[in-house]
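*Asks:* Please see the structure below; I have some questions.
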Amino acid sequence: MTNLNELRQLLGLSPSSKEITTYLSALSSSQPSSPEIKSYPDAVYFNYYSFGLSLLFAPINGYKPQSKASRQDLQDAHLVLDGIDIYNSVSAERSDDGKIGSPSFVYSSYPIIPITIPVSSDTEQGTPHSSVLRVTQNTTGKDFVAALGEPDRKGGGSGPSSGSIGIWVEWTRDGLMVEFGGDDSRGPQAWERGKDALWRIISVFSPTKGST
């Protein structure tokens, strides 16, 4: 089981911190795999495809990482964890032979399920909602909204299903964004069908107070 509040405690730490190293080790009984590094002047991504995990590090103190930098090139003392993406490959489209249809979806499913999301007992509008959401691989859009209340922001799903992005919702006050996958998450009627869409990516970031 993964507690998202515990994951939030990793935010602000460097890539080589003991806490992040311990967390990554817990994801696998074998030796943790090395991440694929995607570096840009304003962001560095550590992508762990076999873990269904991506860690976003933000440069600080004026540091600007070089594009296409290797792991050895990075200055860990000037990088802090700014976001965590957890992937669910169950929601990815599959062909008749069982293979994931989209070549861009290369992440396995996150291995430690369920994911528990503790949230405040009231929405910003004062409407009571569940204090804990247990997320499995089959949790849908309506499950998230029932537990967390109406999102602060949402988007996606417009246009023809073959060319649009999946719907996404964000609870800024809880530091949580969820993107959904599958045919129910795309196309002109995506918001009508989206309640039945499975989650594809859960993104964790620092909560923003006073958001509307």
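A note on labels: chains of the structure tokens are A, B, ... as shown, every chain counts residues from 1, and ligands are counted from 1 in their shown order.
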Skipping near chain neighbours, those fewer than 6 positions away, what residues fall within 12 Å of A:Ile113 using only C-alpha atoms, listed as a list in words?
*Replies:*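 Those residues are Met1, Thr2, Asn3, Leu4, Leu27, Phe51, Gly52, Ile86, Tyr87, Asn88, Arg134, Val135, Thr136, Gln137, Asn138 and Thr139 of chain A.
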*Asks:* Please identify every residue of stretch 9-28 of chain A that has at least one atom no farther than 9 Å from an atom of stretch 58-82 of chain A, counting only C-alpha atoms, and for each give the shortest atom pair and the distance in Å to one decimal, arranged by chain then increasing number, as a Markdown table.
*Replies:*
| residue | atom | partner | partner_atom | distance |
| --- | --- | --- | --- | --- |
| A:Leu10 | CA | A:Leu81 | CA | 7.0 |
| A:Leu11 | CA | A:Leu81 | CA | 4.9 |
| A:Gly12 | CA | A:Val80 | CA | 4.8 |
| A:Leu13 | CA | A:Val80 | CA | 5.0 |
| A:Ser14 | CA | A:Val80 | CA | 4.6 |
| A:Pro15 | CA | A:Asp76 | CA | 5.9 |
| A:Ser16 | CA | A:Asp76 | CA | 6.6 |
| A:Ser17 | CA | A:Asp76 | CA | 8.9 |
*Asks:* Please produce a file of those selected residues containing N, CA, C and O atoms, as a PDB file, in the first residue's frame.
*Replies:*
ATOM      1  N   LEU A  10       8.457  13.510   0.310  1.00  0.00           N
ATOM      2  CA  LEU A  10       9.666  13.449  -0.507  1.00  0.00           C
ATOM      3  C   LEU A  10       9.872  14.723  -1.320  1.00  0.00           C
ATOM      4  O   LEU A  10      10.988  14.989  -1.777  1.00  0.00           O
ATOM      5  N   LEU A  11       8.810  15.497  -1.512  1.00  0.00           N
ATOM      6  CA  LEU A  11       8.921  16.734  -2.275  1.00  0.00           C
ATOM      7  C   LEU A  11       9.914  17.684  -1.611  1.00  0.00           C
ATOM      8  O   LEU A  11       9.917  17.856  -0.397  1.00  0.00           O
ATOM      9  N   GLY A  12      10.756  18.289  -2.420  1.00  0.00           N
ATOM     10  CA  GLY A  12      11.762  19.212  -1.897  1.00  0.00           C
ATOM     11  C   GLY A  12      13.109  18.564  -1.607  1.00  0.00           C
ATOM     12  O   GLY A  12      14.068  19.266  -1.288  1.00  0.00           O
ATOM     13  N   LEU A  13      13.200  17.215  -1.761  1.00  0.00           N
ATOM     14  CA  LEU A  13      14.453  16.513  -1.496  1.00  0.00           C
ATOM     15  C   LEU A  13      15.263  16.343  -2.781  1.00  0.00           C
ATOM     16  O   LEU A  13      14.732  16.394  -3.888  1.00  0.00           O
ATOM     17  N   SER A  14      16.549  16.102  -2.640  1.00  0.00           N
ATOM     18  CA  SER A  14      17.424  15.932  -3.794  1.00  0.00           C
ATOM     19  C   SER A  14      17.354  14.500  -4.309  1.00  0.00           C
ATOM     20  O   SER A  14      16.931  13.586  -3.587  1.00  0.00           O
ATOM     21  N   PRO A  15      17.775  14.259  -5.561  1.00  0.00           N
ATOM     22  CA  PRO A  15      17.698  12.912  -6.127  1.00  0.00           C
ATOM     23  C   PRO A  15      18.469  11.862  -5.332  1.00  0.00           C
ATOM     24  O   PRO A  15      18.085  10.689  -5.311  1.00  0.00           O
ATOM     25  N   SER A  16      19.550  12.268  -4.691  1.00  0.00           N
ATOM     26  CA  SER A  16      20.383  11.314  -3.958  1.00  0.00           C
ATOM     27  C   SER A  16      20.063  11.254  -2.471  1.00  0.00           C
ATOM     28  O   SER A  16      20.807  10.645  -1.692  1.00  0.00           O
ATOM     29  N   SER A  17      18.953  11.861  -2.052  1.00  0.00           N
ATOM     30  CA  SER A  17      18.598  11.841  -0.631  1.00  0.00           C
ATOM     31  C   SER A  17      18.326  10.418  -0.159  1.00  0.00           C
ATOM     32  O   SER A  17      17.905   9.547  -0.931  1.00  0.00           O
TER      33      SER A  17
END
*Asks:* Pick from A:Pro111, A:Pro35, A:Gly166, A:Gly194: nearest to A:Gly141, with only C-alpha atoms counted?
*Replies:*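 Of A:Pro111, A:Pro35, A:Gly166, A:Gly194, the one nearest A:Gly141 is A:Gly194, counting only C-alpha atoms.
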*Asks:* Please return, as a list in words, all residues of stretch 140-185 of chain A that DSSP assigns to strand (DSSP E or B) on the basis of the backbone.
*Replies:*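 Matching residues for strand (DSSP E or B) in stretch 140-185 of chain A are Thr140, Arg153, Lys154, Gly155, Trp168, Val169, Glu170, Trp171, Leu176, Met177, Val178, Glu179 and Phe180 of chain A.
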*Asks:* Nearest to A:Asn47 among A:Asn5, A:Ser28, A:Ile165, A:Tyr107, with distances taken over only C-alpha atoms: which residue is it?
*Replies:*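 Distance minimum relative to A:Asn47 lands on A:Tyr107.
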*Asks:* Write out as number ranges by chain all residues of stretch 3-196 of chain A that DSSP puts in helix (DSSP H, G or I) for this structure's backbone.
*Replies:* A: 4-8, 18-26, 49-51, 71-73, 76-78, 89-91, 141-148, 172-174, 183-185, 190-196
